[in-house]
$ cat structure-v4.cif   # mmCIF, C-alpha atoms
data_work
#
loop_
_atom_site.group_PDB
_atom_site.id
_atom_site.type_symbol
_atom_site.label_atom_id
_atom_site.label_comp_id
_atom_site.auth_asym_id
_atom_site.auth_seq_id
_atom_site.Cartn_x
_atom_site.Cartn_y
_atom_site.Cartn_z
ATOM 1 C CA MET L 22 100.154 57.683 88.794
ATOM 2 C CA ILE L 23 99.166 60.468 91.189
ATOM 3 C CA TYR L 24 101.521 61.969 93.768
ATOM 4 C CA CYS L 25 99.939 63.490 96.875
ATOM 5 C CA LEU L 26 100.857 64.571 100.379
ATOM 6 C CA GLY L 27 100.951 61.543 102.666
ATOM 7 C CA PRO L 28 100.950 59.332 104.526
ATOM 8 C CA MET L 29 97.771 57.257 104.138
ATOM 9 C CA GLY L 30 94.669 58.990 105.467
ATOM 10 C CA SER L 31 95.569 62.576 104.503
ATOM 11 C CA TYR L 32 93.019 64.995 103.088
ATOM 12 C CA SER L 33 95.249 65.151 100.013
ATOM 13 C CA GLU L 34 94.760 61.408 99.568
ATOM 14 C CA LYS L 35 90.987 61.912 99.683
ATOM 15 C CA ALA L 36 91.236 64.519 96.907
ATOM 16 C CA ALA L 37 93.596 62.288 94.908
ATOM 17 C CA LYS L 38 91.143 59.381 95.034
ATOM 18 C CA LEU L 39 88.339 61.603 93.758
ATOM 19 C CA PHE L 40 90.524 62.863 90.908
ATOM 20 C CA ALA L 41 91.676 59.307 90.142
ATOM 21 C CA GLY L 42 88.094 58.266 89.555
ATOM 22 C CA HIS L 43 88.042 60.553 86.512
ATOM 23 C CA LEU L 44 91.463 59.733 85.060
ATOM 24 C CA LYS L 45 92.282 56.860 82.730
ATOM 25 C CA ASN L 46 95.118 54.620 83.928
ATOM 26 C CA SER L 47 95.950 56.849 86.910
ATOM 27 C CA GLU L 48 94.606 54.931 89.895
ATOM 28 C CA GLU L 49 97.966 54.383 91.629
ATOM 29 C CA ILE L 50 98.563 56.911 94.421
ATOM 30 C CA ILE L 51 102.102 57.613 95.641
ATOM 31 C CA TYR L 52 102.582 59.426 98.962
ATOM 32 C CA CYS L 53 105.091 62.273 99.286
ATOM 33 C CA ASN L 54 106.540 63.871 102.399
ATOM 34 C CA SER L 55 105.989 67.486 101.359
ATOM 35 C CA ILE L 56 104.375 69.752 98.780
ATOM 36 C CA ASN L 57 107.853 70.517 97.472
ATOM 37 C CA GLU L 58 108.436 66.838 96.777
ATOM 38 C CA ILE L 59 105.249 66.584 94.694
ATOM 39 C CA PHE L 60 106.423 69.359 92.382
ATOM 40 C CA GLU L 61 109.898 67.830 92.219
ATOM 41 C CA LYS L 62 108.441 64.462 91.162
ATOM 42 C CA LEU L 63 106.518 66.107 88.325
ATOM 43 C CA GLU L 64 109.619 67.944 87.167
ATOM 44 C CA LYS L 65 111.742 64.768 87.125
ATOM 45 C CA LEU L 66 109.165 62.185 86.045
ATOM 46 C CA GLU L 67 107.224 63.833 83.250
ATOM 47 C CA LYS L 68 106.400 60.428 81.729
ATOM 48 C CA LEU L 69 106.372 56.926 83.067
ATOM 49 C CA ASP L 70 108.564 54.207 81.616
ATOM 50 C CA THR L 71 107.092 53.797 78.117
ATOM 51 C CA SER L 72 108.267 50.186 77.998
ATOM 52 C CA LYS L 73 105.668 49.374 80.655
ATOM 53 C CA HIS L 74 103.033 52.054 80.117
ATOM 54 C CA ASP L 75 101.346 53.721 77.185
ATOM 55 C CA ASP L 76 101.956 57.388 76.413
ATOM 56 C CA ASN L 77 98.594 58.429 77.854
ATOM 57 C CA ASN L 78 99.519 57.321 81.371
ATOM 58 C CA LEU L 79 101.392 60.358 82.619
ATOM 59 C CA VAL L 80 102.309 61.615 86.076
ATOM 60 C CA TYR L 81 99.939 63.818 88.061
ATOM 61 C CA GLY L 82 100.123 65.616 91.394
ATOM 62 C CA VAL L 83 97.541 66.780 93.919
ATOM 63 C CA VAL L 84 98.320 69.844 96.039
ATOM 64 C CA PRO L 85 96.280 72.037 98.424
ATOM 65 C CA SER L 86 95.852 75.591 97.142
ATOM 66 C CA GLU L 87 93.396 77.413 99.401
ATOM 67 C CA ASN L 88 91.486 77.008 102.645
ATOM 68 C CA SER L 89 88.227 78.770 103.448
ATOM 69 C CA ILE L 90 89.515 79.796 106.907
ATOM 70 C CA GLU L 91 93.249 80.399 106.497
ATOM 71 C CA GLY L 92 93.359 81.457 102.844
ATOM 72 C CA SER L 93 95.904 80.432 100.243
ATOM 73 C CA VAL L 94 98.602 77.824 100.772
ATOM 74 C CA THR L 95 101.460 80.153 99.907
ATOM 75 C CA LEU L 96 103.998 77.394 99.221
ATOM 76 C CA THR L 97 101.734 75.957 96.517
ATOM 77 C CA GLN L 98 101.169 79.414 95.020
ATOM 78 C CA ASP L 99 104.913 80.077 94.849
ATOM 79 C CA LEU L 100 105.708 76.682 93.310
ATOM 80 C CA LEU L 101 103.036 77.175 90.645
ATOM 81 C CA MET L 102 104.968 80.271 89.592
ATOM 82 C CA GLU L 103 108.432 78.719 89.855
ATOM 83 C CA THR L 104 107.807 75.375 88.113
ATOM 84 C CA ASN L 105 106.460 74.547 84.687
ATOM 85 C CA VAL L 106 103.215 72.737 85.529
ATOM 86 C CA ASN L 107 99.612 73.030 84.395
ATOM 87 C CA ILE L 108 96.414 72.935 86.430
ATOM 88 C CA LEU L 109 94.048 70.283 85.056
ATOM 89 C CA ALA L 110 91.213 70.325 87.616
ATOM 90 C CA GLU L 111 90.245 71.501 91.077
ATOM 91 C CA ILE L 112 87.973 70.164 93.791
ATOM 92 C CA ASP L 113 86.843 71.407 97.220
ATOM 93 C CA ILE L 114 87.073 68.978 100.155
ATOM 94 C CA ASN L 115 85.177 69.424 103.416
ATOM 95 C CA ILE L 116 87.589 69.492 106.350
ATOM 96 C CA GLU L 117 86.421 68.109 109.698
ATOM 97 C CA HIS L 118 89.265 67.938 112.191
ATOM 98 C CA ALA L 119 89.375 65.541 115.113
ATOM 99 C CA LEU L 120 91.647 65.365 118.132
ATOM 100 C CA VAL L 121 93.178 61.877 118.352
ATOM 101 C CA SER L 122 95.618 60.251 120.745
ATOM 102 C CA THR L 123 96.830 56.986 122.221
ATOM 103 C CA SER L 124 95.283 58.269 125.444
ATOM 104 C CA ASN L 125 91.620 57.924 126.406
ATOM 105 C CA ASP L 126 91.724 61.078 128.531
ATOM 106 C CA LYS L 127 92.015 64.573 127.040
ATOM 107 C CA ASN L 128 93.407 65.830 130.359
ATOM 108 C CA THR L 129 96.670 63.948 129.756
ATOM 109 C CA ILE L 130 97.383 65.915 126.553
ATOM 110 C CA LYS L 131 100.240 68.402 126.676
ATOM 111 C CA ARG L 132 101.344 68.725 123.023
ATOM 112 C CA VAL L 133 99.373 68.774 119.759
ATOM 113 C CA LEU L 134 100.909 67.805 116.412
ATOM 114 C CA SER L 135 99.527 68.737 112.995
ATOM 115 C CA HIS L 136 100.050 70.596 109.732
ATOM 116 C CA PRO L 137 100.396 74.390 110.221
ATOM 117 C CA GLN L 138 97.124 75.018 108.361
ATOM 118 C CA ALA L 139 95.223 72.578 110.579
ATOM 119 C CA LEU L 140 96.714 74.097 113.733
ATOM 120 C CA ALA L 141 95.675 77.549 112.539
ATOM 121 C CA GLN L 142 92.160 76.316 111.717
ATOM 122 C CA CYS L 143 91.816 75.064 115.309
ATOM 123 C CA ARG L 144 93.618 77.980 116.985
ATOM 124 C CA ASN L 145 90.858 78.906 119.458
ATOM 125 C CA TYR L 146 90.284 75.288 120.459
ATOM 126 C CA ILE L 147 94.008 74.741 121.090
ATOM 127 C CA ASN L 148 94.435 77.991 123.031
ATOM 128 C CA SER L 149 91.423 77.239 125.242
ATOM 129 C CA ASN L 150 93.162 74.039 126.337
ATOM 130 C CA HIS L 151 96.590 75.689 126.751
ATOM 131 C CA TRP L 152 98.384 73.099 124.652
ATOM 132 C CA VAL L 153 101.816 73.414 123.065
ATOM 133 C CA THR L 154 101.818 72.817 119.298
ATOM 134 C CA GLU L 155 104.280 71.145 116.944
ATOM 135 C CA THR L 156 104.082 71.438 113.164
ATOM 136 C CA MET L 157 104.231 68.447 110.830
ATOM 137 C CA GLU L 158 104.258 68.090 107.042
ATOM 138 C CA SER L 159 100.681 66.730 107.009
ATOM 139 C CA THR L 160 97.775 65.933 109.316
ATOM 140 C CA ALA L 161 98.094 62.226 108.548
ATOM 141 C CA LEU L 162 101.807 62.265 109.398
ATOM 142 C CA SER L 163 100.970 63.759 112.797
ATOM 143 C CA ALA L 164 98.609 60.824 113.493
ATOM 144 C CA LYS L 165 101.186 58.290 112.328
ATOM 145 C CA THR L 166 103.871 59.942 114.483
ATOM 146 C CA ILE L 167 101.935 59.815 117.757
ATOM 147 C CA ALA L 168 100.909 56.218 117.035
ATOM 148 C CA GLU L 169 104.583 55.313 116.732
ATOM 149 C CA LYS L 170 105.641 57.248 119.857
ATOM 150 C CA GLN L 171 102.895 55.795 122.097
ATOM 151 C CA ASP L 172 103.073 58.828 124.390
ATOM 152 C CA ASP L 173 99.765 59.685 126.114
ATOM 153 C CA GLY L 174 100.894 63.296 126.415
ATOM 154 C CA LEU L 175 100.769 63.681 122.632
ATOM 155 C CA SER L 176 97.787 64.199 120.370
ATOM 156 C CA ALA L 177 97.203 64.956 116.698
ATOM 157 C CA ILE L 178 94.711 67.064 114.771
ATOM 158 C CA CYS L 179 93.654 65.154 111.674
ATOM 159 C CA SER L 180 90.658 63.467 110.059
ATOM 160 C CA GLU L 181 88.627 60.873 111.946
ATOM 161 C CA ALA L 182 89.741 58.289 109.385
ATOM 162 C CA ASN L 183 93.272 58.472 110.775
ATOM 163 C CA ALA L 184 92.115 57.148 114.136
ATOM 164 C CA GLU L 185 91.074 53.879 112.504
ATOM 165 C CA ILE L 186 94.120 53.674 110.230
ATOM 166 C CA TYR L 187 96.625 54.191 113.058
ATOM 167 C CA ASP L 188 94.568 52.616 115.903
ATOM 168 C CA LEU L 189 94.092 55.832 117.864
ATOM 169 C CA ASN L 190 91.327 57.154 120.119
ATOM 170 C CA ILE L 191 89.112 60.037 119.027
ATOM 171 C CA LEU L 192 88.975 62.479 121.938
ATOM 172 C CA ASP L 193 86.971 65.226 120.225
ATOM 173 C CA LYS L 194 85.305 65.828 116.847
ATOM 174 C CA ASN L 195 84.731 68.849 114.607
ATOM 175 C CA ILE L 196 87.190 70.981 116.554
ATOM 176 C CA GLN L 197 87.894 73.551 113.824
ATOM 177 C CA ASP L 198 87.035 77.115 114.855
ATOM 178 C CA TYR L 199 84.652 77.590 111.920
ATOM 179 C CA LYS L 200 82.393 74.810 110.717
ATOM 180 C CA ASN L 201 82.339 75.871 107.046
ATOM 181 C CA ASN L 202 85.893 74.598 106.619
ATOM 182 C CA GLN L 203 86.903 73.557 103.106
ATOM 183 C CA THR L 204 90.219 73.152 101.323
ATOM 184 C CA ARG L 205 90.629 73.474 97.575
ATOM 185 C CA PHE L 206 92.928 70.940 95.919
ATOM 186 C CA LEU L 207 94.463 71.158 92.454
ATOM 187 C CA LEU L 208 95.262 68.359 90.032
ATOM 188 C CA ILE L 209 98.507 69.370 88.320
ATOM 189 C CA SER L 210 100.719 67.864 85.631
ATOM 190 C CA LYS L 211 103.450 68.594 83.132
ATOM 191 C CA LYS L 212 100.912 67.616 80.527
ATOM 192 C CA GLN L 213 99.947 70.370 78.107
ATOM 193 C CA ASN L 214 96.448 71.782 78.407
ATOM 194 C CA LYS L 215 95.285 70.527 75.009
ATOM 195 C CA GLU L 216 96.610 66.998 75.575
ATOM 196 C CA TYR L 217 94.851 65.929 78.726
ATOM 197 C CA ILE L 218 91.224 66.146 77.574
ATOM 198 C CA LYS L 219 91.297 62.633 76.082
ATOM 199 C CA ASP L 220 92.485 61.166 79.398
ATOM 200 C CA ILE L 221 89.630 62.496 81.515
ATOM 201 C CA ASN L 222 86.302 60.747 82.009
ATOM 202 C CA PHE L 223 84.233 63.729 83.098
ATOM 203 C CA GLY L 224 80.527 63.615 82.408
ATOM 204 C CA ILE L 225 78.628 66.861 81.996
ATOM 205 C CA ASP L 226 76.962 66.340 85.390
ATOM 206 C CA ASP L 227 80.374 66.174 87.075
ATOM 207 C CA LEU L 228 81.346 69.709 86.132
ATOM 208 C CA LYS L 229 80.428 72.861 88.005
ATOM 209 C CA ARG L 230 82.272 75.131 85.598
ATOM 210 C CA VAL L 231 85.469 75.635 83.618
ATOM 211 C CA LYS L 232 87.939 78.309 84.679
ATOM 212 C CA SER L 233 91.446 79.566 83.889
ATOM 213 C CA THR L 234 94.350 80.850 85.973
ATOM 214 C CA VAL L 235 97.163 83.235 85.061
ATOM 215 C CA ILE L 236 100.008 84.868 86.969
ATOM 216 C CA LEU L 237 100.793 88.449 85.957
ATOM 217 C CA GLU L 238 103.581 90.888 86.761
ATOM 218 C CA LEU L 239 102.915 94.532 85.918
ATOM 219 C CA LYS L 240 105.286 96.483 83.663
ATOM 220 C CA GLU L 241 105.076 99.612 85.810
ATOM 221 C CA ASN L 242 104.485 100.288 89.483
ATOM 222 C CA ARG L 243 102.249 103.329 89.057
ATOM 223 C CA ALA L 244 98.793 104.502 90.004
ATOM 224 C CA GLY L 245 96.218 102.771 87.824
ATOM 225 C CA SER L 246 98.462 99.994 86.471
ATOM 226 C CA LEU L 247 96.330 97.206 87.972
ATOM 227 C CA TYR L 248 93.209 99.092 86.870
ATOM 228 C CA ASP L 249 94.457 98.895 83.266
ATOM 229 C CA VAL L 250 94.803 95.112 83.557
ATOM 230 C CA LEU L 251 91.357 94.714 85.070
ATOM 231 C CA GLY L 252 89.950 96.879 82.298
ATOM 232 C CA GLU L 253 90.989 94.294 79.696
ATOM 233 C CA PHE L 254 88.883 91.666 81.445
ATOM 234 C CA LYS L 255 85.955 94.081 81.587
ATOM 235 C CA LYS L 256 86.193 94.899 77.870
ATOM 236 C CA LEU L 257 85.842 91.198 77.038
ATOM 237 C CA ASN L 258 83.138 90.662 79.671
ATOM 238 C CA ILE L 259 85.256 88.056 81.514
ATOM 239 C CA ASP L 260 84.231 87.347 85.091
ATOM 240 C CA LEU L 261 87.155 87.311 87.542
ATOM 241 C CA SER L 262 86.631 84.976 90.493
ATOM 242 C CA ARG L 263 89.901 85.565 92.383
ATOM 243 C CA ILE L 264 92.696 88.127 92.516
ATOM 244 C CA GLU L 265 95.598 87.603 94.903
ATOM 245 C CA SER L 266 99.002 89.230 95.169
ATOM 246 C CA ARG L 267 102.262 87.530 96.144
ATOM 247 C CA PRO L 268 105.782 88.981 96.420
ATOM 248 C CA SER L 269 107.639 88.733 93.116
ATOM 249 C CA LYS L 270 110.791 87.678 95.026
ATOM 250 C CA THR L 271 112.851 90.004 92.840
ATOM 251 C CA LYS L 272 112.591 93.273 94.780
ATOM 252 C CA LEU L 273 110.917 94.420 97.990
ATOM 253 C CA GLY L 274 107.574 96.039 97.256
ATOM 254 C CA THR L 275 107.007 94.370 93.860
ATOM 255 C CA TYR L 276 104.274 91.810 93.396
ATOM 256 C CA VAL L 277 102.752 89.305 91.003
ATOM 257 C CA PHE L 278 99.016 88.781 90.733
ATOM 258 C CA TYR L 279 97.225 85.432 90.579
ATOM 259 C CA MET L 280 93.944 85.699 88.709
ATOM 260 C CA ASP L 281 91.223 83.078 88.293
ATOM 261 C CA PHE L 282 88.527 83.780 85.719
ATOM 262 C CA GLU L 283 85.631 82.098 83.985
ATOM 263 C CA TYR L 284 86.284 80.306 80.696
ATOM 264 C CA TYR L 285 86.923 82.565 77.689
ATOM 265 C CA GLU L 286 87.154 80.977 74.258
ATOM 266 C CA ASN L 287 89.624 83.365 72.585
ATOM 267 C CA MET L 288 92.526 83.233 75.031
ATOM 268 C CA ASP L 289 94.980 84.654 72.461
ATOM 269 C CA GLU L 290 92.920 87.829 72.254
ATOM 270 C CA LEU L 291 92.965 88.231 76.030
ATOM 271 C CA PHE L 292 96.707 87.591 76.288
ATOM 272 C CA ASN L 293 97.521 90.029 73.484
ATOM 273 C CA ASN L 294 95.549 92.723 75.282
ATOM 274 C CA LEU L 295 97.193 91.980 78.631
ATOM 275 C CA ASN L 296 100.701 92.085 77.163
ATOM 276 C CA LYS L 297 100.370 95.862 76.828
ATOM 277 C CA TRP L 298 100.429 96.159 80.605
ATOM 278 C CA VAL L 299 102.405 93.182 81.954
ATOM 279 C CA SER L 300 106.074 92.164 81.845
ATOM 280 C CA LYS L 301 105.371 88.523 82.728
ATOM 281 C CA LEU L 302 102.369 86.322 81.966
ATOM 282 C CA ILE L 303 102.246 82.700 83.107
ATOM 283 C CA TYR L 304 99.267 80.673 81.902
ATOM 284 C CA LEU L 305 98.553 77.832 84.340
ATOM 285 C CA GLY L 306 95.756 76.328 82.298
ATOM 286 C CA THR L 307 92.041 76.147 81.617
ATOM 287 C CA TYR L 308 90.603 73.403 83.747
ATOM 288 C CA PHE L 309 87.571 71.666 85.220
ATOM 289 C CA VAL L 310 86.033 72.572 88.567
ATOM 290 C CA LEU L 311 84.427 69.500 90.131
#
$ encode --input "structure-v4.cif" --output "structure tokens"
Amino acid sequence: MIYCLGPMGSYSEKAAKLFAGHLKNSEEIIYCNSINEIFEKLEKLEKLDTSKHDDNNLVYGVVPSENSIEGSVTLTQDLLMETNVNILAEIDINIEHALVSTSNDKNTIKRVLSHPQALAQCRNYINSNHWVTETMESTALSAKTIAEKQDDGLSAICSEANAEIYDLNILDKNIQDYKNNQTRFLLISKKQNKEYIKDINFGIDDLKRVKSTVILELKENRAGSLYDVLGEFKKLNIDLSRIESRPSKTKLGTYVFYMDFEYYENMDELFNNLNKWVSKLIYLGTYFVL
């Protein structure tokens, strides 16, 4: 079972279907109303009813983590820190936004509905048409909403697939401000990192690389404290692919650091070295990049 942001036709659903193709006994996709709800489902439903399912069929979630135009999805980043989940895989999805409506005429449009990230990715296009915007929990939900309202003054920014699903007209295609628009999605679970390998049907040709993610909080706020942490990666010749700071939510001006890095076999050695400089270390997993 895989939870993802719905309703039907969302980009999250597309990512979930791709992940499902590699997971044993996890083809069922359940739609959630928000990213928060996906994490809540994983917290509450760590395992399915064992009277109906074997122990290998556990609960997974798919959440957006980063967009090539707008950067990280901060809600996902915060929930990764606040909940006890593991990252099992990631995949990049090409995002091609369309403007859809019950109307056949773009001149009738007065308000545009979509997810905040999608609205931001199409900011110049929206501003050039002087439209009012309204945020929704997902792009697919915006399409479903205007289909239900049947108001020719409303439109949605979503995938072209939503026009067919909800019987809407496509008024414009590829409306994002930058054409190299991709969103990275994560497959997450309560499953421990060492347990999930047997449930995944990845062939060697499916994998681009293996990477790991940690969240670190520094012991001291002083000059050179982050440099000390980075030095431990350099000593072990570990390639860092992403460093991002987020507020620690404990005190103004204090931060935690999200770090993605290439696979390193002796993780205990790395963590022991990092513990000299950090007060908190959260290991989110070593996982496949598709």
$ atom_distance --input "structure-v4.cif" --atom1 "CA of Asp126 in chain L" --atom2 "CA of Glu158 in chain L"
25.8 Å
$ residues_around --input "structure-v4.cif" --residues "Thr275 in chain L" --least-positions-apart "5" --cutoff "9 Å" --atoms "only C-alpha atoms" --output "VMD selection string"
chain L and resid 238 to 239 242 267 to 270
$ write_last_selection --input "structure-v4.cif" --atoms "C-alpha atoms" --output "compact mmCIF listing (two decimals), in the frame of the given file"
# COMPACT_ATOMS: atom_id res chain seq x y z
CA GLU L 238 103.58 90.89 86.76
CA LEU L 239 102.92 94.53 85.92
CA ASN L 242 104.48 100.29 89.48
CA ARG L 267 102.26 87.53 96.14
CA PRO L 268 105.78 88.98 96.42
CA SER L 269 107.64 88.73 93.12
CA LYS L 270 110.79 87.68 95.03
$ resolve_selection --input "structure-v4.cif" --expression "the PyMOL selection byres ((chain L and resi 110) around 7)" --output "JSON, numbers by chain"
{"L": [108, 109, 111, 112, 207, 208, 308, 309, 310]}
$ closest_residue --input "structure-v4.cif" --among "L:Gln142, L:Thr204, L:Ser122, L:Asn105" --to "Glu87 in chain L" --atoms "all atoms listed in the file"
L:Thr204
$ atom_distance --input "structure-v4.cif" --atom1 "CA of Asn258 in chain L" --atom2 "CA of Arg205 in chain L"
25.9 Å
$ decode --input "structure-v4.cif" --residues "range 162-188 of chain L" --atoms "N, CA and C atoms" --output "PDB file, in the first residue's frame"
ATOM      1  N   LEU L 162      -6.235  18.271  -7.221  1.00  0.00           N
ATOM      2  CA  LEU L 162      -7.414  18.739  -6.494  1.00  0.00           C
ATOM      3  C   LEU L 162      -7.947  20.026  -7.109  1.00  0.00           C
ATOM      4  N   SER L 163      -7.063  20.881  -7.608  1.00  0.00           N
ATOM      5  CA  SER L 163      -7.528  22.114  -8.247  1.00  0.00           C
ATOM      6  C   SER L 163      -8.345  21.789  -9.495  1.00  0.00           C
ATOM      7  N   ALA L 164      -7.910  20.792 -10.287  1.00  0.00           N
ATOM      8  CA  ALA L 164      -8.660  20.388 -11.473  1.00  0.00           C
ATOM      9  C   ALA L 164     -10.011  19.793 -11.084  1.00  0.00           C
ATOM     10  N   LYS L 165     -10.010  18.938 -10.081  1.00  0.00           N
ATOM     11  CA  LYS L 165     -11.260  18.326  -9.626  1.00  0.00           C
ATOM     12  C   LYS L 165     -12.232  19.392  -9.119  1.00  0.00           C
ATOM     13  N   THR L 166     -11.710  20.387  -8.424  1.00  0.00           N
ATOM     14  CA  THR L 166     -12.550  21.445  -7.840  1.00  0.00           C
ATOM     15  C   THR L 166     -13.244  22.270  -8.912  1.00  0.00           C
ATOM     16  N   ILE L 167     -12.505  22.687  -9.954  1.00  0.00           N
ATOM     17  CA  ILE L 167     -13.157  23.517 -10.974  1.00  0.00           C
ATOM     18  C   ILE L 167     -14.122  22.691 -11.827  1.00  0.00           C
ATOM     19  N   ALA L 168     -13.854  21.386 -11.944  1.00  0.00           N
ATOM     20  CA  ALA L 168     -14.793  20.520 -12.663  1.00  0.00           C
ATOM     21  C   ALA L 168     -16.113  20.434 -11.914  1.00  0.00           C
ATOM     22  N   GLU L 169     -16.031  20.403 -10.589  1.00  0.00           N
ATOM     23  CA  GLU L 169     -17.242  20.324  -9.768  1.00  0.00           C
ATOM     24  C   GLU L 169     -18.001  21.647  -9.750  1.00  0.00           C
ATOM     25  N   LYS L 170     -17.286  22.769  -9.765  1.00  0.00           N
ATOM     26  CA  LYS L 170     -17.926  24.087  -9.681  1.00  0.00           C
ATOM     27  C   LYS L 170     -18.566  24.508 -11.001  1.00  0.00           C
ATOM     28  N   GLN L 171     -17.997  24.048 -12.126  1.00  0.00           N
ATOM     29  CA  GLN L 171     -18.543  24.402 -13.448  1.00  0.00           C
ATOM     30  C   GLN L 171     -18.707  25.912 -13.595  1.00  0.00           C
ATOM     31  N   ASP L 172     -17.631  26.622 -13.259  1.00  0.00           N
ATOM     32  CA  ASP L 172     -17.595  28.087 -13.359  1.00  0.00           C
ATOM     33  C   ASP L 172     -16.539  28.452 -14.407  1.00  0.00           C
ATOM     34  N   ASP L 173     -16.975  29.074 -15.524  1.00  0.00           N
ATOM     35  CA  ASP L 173     -16.048  29.386 -16.610  1.00  0.00           C
ATOM     36  C   ASP L 173     -15.049  30.479 -16.247  1.00  0.00           C
ATOM     37  N   GLY L 174     -15.220  31.093 -15.095  1.00  0.00           N
ATOM     38  CA  GLY L 174     -14.257  32.091 -14.640  1.00  0.00           C
ATOM     39  C   GLY L 174     -13.086  31.473 -13.886  1.00  0.00           C
ATOM     40  N   LEU L 175     -13.172  30.159 -13.646  1.00  0.00           N
ATOM     41  CA  LEU L 175     -12.129  29.458 -12.901  1.00  0.00           C
ATOM     42  C   LEU L 175     -11.264  28.611 -13.829  1.00  0.00           C
ATOM     43  N   SER L 176     -10.013  28.482 -13.463  1.00  0.00           N
ATOM     44  CA  SER L 176      -9.108  27.586 -14.184  1.00  0.00           C
ATOM     45  C   SER L 176      -8.193  26.929 -13.169  1.00  0.00           C
ATOM     46  N   ALA L 177      -7.471  25.901 -13.621  1.00  0.00           N
ATOM     47  CA  ALA L 177      -6.528  25.196 -12.757  1.00  0.00           C
ATOM     48  C   ALA L 177      -5.218  25.012 -13.503  1.00  0.00           C
ATOM     49  N   ILE L 178      -4.129  25.025 -12.740  1.00  0.00           N
ATOM     50  CA  ILE L 178      -2.810  24.668 -13.268  1.00  0.00           C
ATOM     51  C   ILE L 178      -2.493  23.274 -12.770  1.00  0.00           C
ATOM     52  N   CYS L 179      -2.293  22.347 -13.705  1.00  0.00           N
ATOM     53  CA  CYS L 179      -2.122  20.943 -13.360  1.00  0.00           C
ATOM     54  C   CYS L 179      -1.499  20.228 -14.557  1.00  0.00           C
ATOM     55  N   SER L 180      -1.449  18.922 -14.523  1.00  0.00           N
ATOM     56  CA  SER L 180      -0.947  18.158 -15.660  1.00  0.00           C
ATOM     57  C   SER L 180      -2.034  18.029 -16.721  1.00  0.00           C
ATOM     58  N   GLU L 181      -1.617  17.784 -17.959  1.00  0.00           N
ATOM     59  CA  GLU L 181      -2.580  17.601 -19.042  1.00  0.00           C
ATOM     60  C   GLU L 181      -3.497  16.406 -18.772  1.00  0.00           C
ATOM     61  N   ALA L 182      -2.972  15.407 -18.073  1.00  0.00           N
ATOM     62  CA  ALA L 182      -3.774  14.212 -17.793  1.00  0.00           C
ATOM     63  C   ALA L 182      -5.041  14.541 -17.026  1.00  0.00           C
ATOM     64  N   ASN L 183      -5.006  15.592 -16.218  1.00  0.00           N
ATOM     65  CA  ASN L 183      -6.183  15.961 -15.433  1.00  0.00           C
ATOM     66  C   ASN L 183      -7.340  16.444 -16.298  1.00  0.00           C
ATOM     67  N   ALA L 184      -7.018  17.007 -17.458  1.00  0.00           N
ATOM     68  CA  ALA L 184      -8.087  17.468 -18.347  1.00  0.00           C
ATOM     69  C   ALA L 184      -8.943  16.296 -18.802  1.00  0.00           C
ATOM     70  N   GLU L 185      -8.306  15.176 -19.105  1.00  0.00           N
ATOM     71  CA  GLU L 185      -9.055  13.989 -19.530  1.00  0.00           C
ATOM     72  C   GLU L 185      -9.800  13.353 -18.361  1.00  0.00           C
ATOM     73  N   ILE L 186      -9.129  13.279 -17.203  1.00  0.00           N
ATOM     74  CA  ILE L 186      -9.744  12.646 -16.035  1.00  0.00           C
ATOM     75  C   ILE L 186     -11.004  13.388 -15.600  1.00  0.00           C
ATOM     76  N   TYR L 187     -10.949  14.728 -15.607  1.00  0.00           N
ATOM     77  CA  TYR L 187     -12.054  15.523 -15.071  1.00  0.00           C
ATOM     78  C   TYR L 187     -12.852  16.243 -16.175  1.00  0.00           C
ATOM     79  N   ASP L 188     -12.648  15.817 -17.442  1.00  0.00           N
ATOM     80  CA  ASP L 188     -13.410  16.332 -18.580  1.00  0.00           C
ATOM     81  C   ASP L 188     -13.320  17.854 -18.668  1.00  0.00           C
TER      82      ASP L 188
END
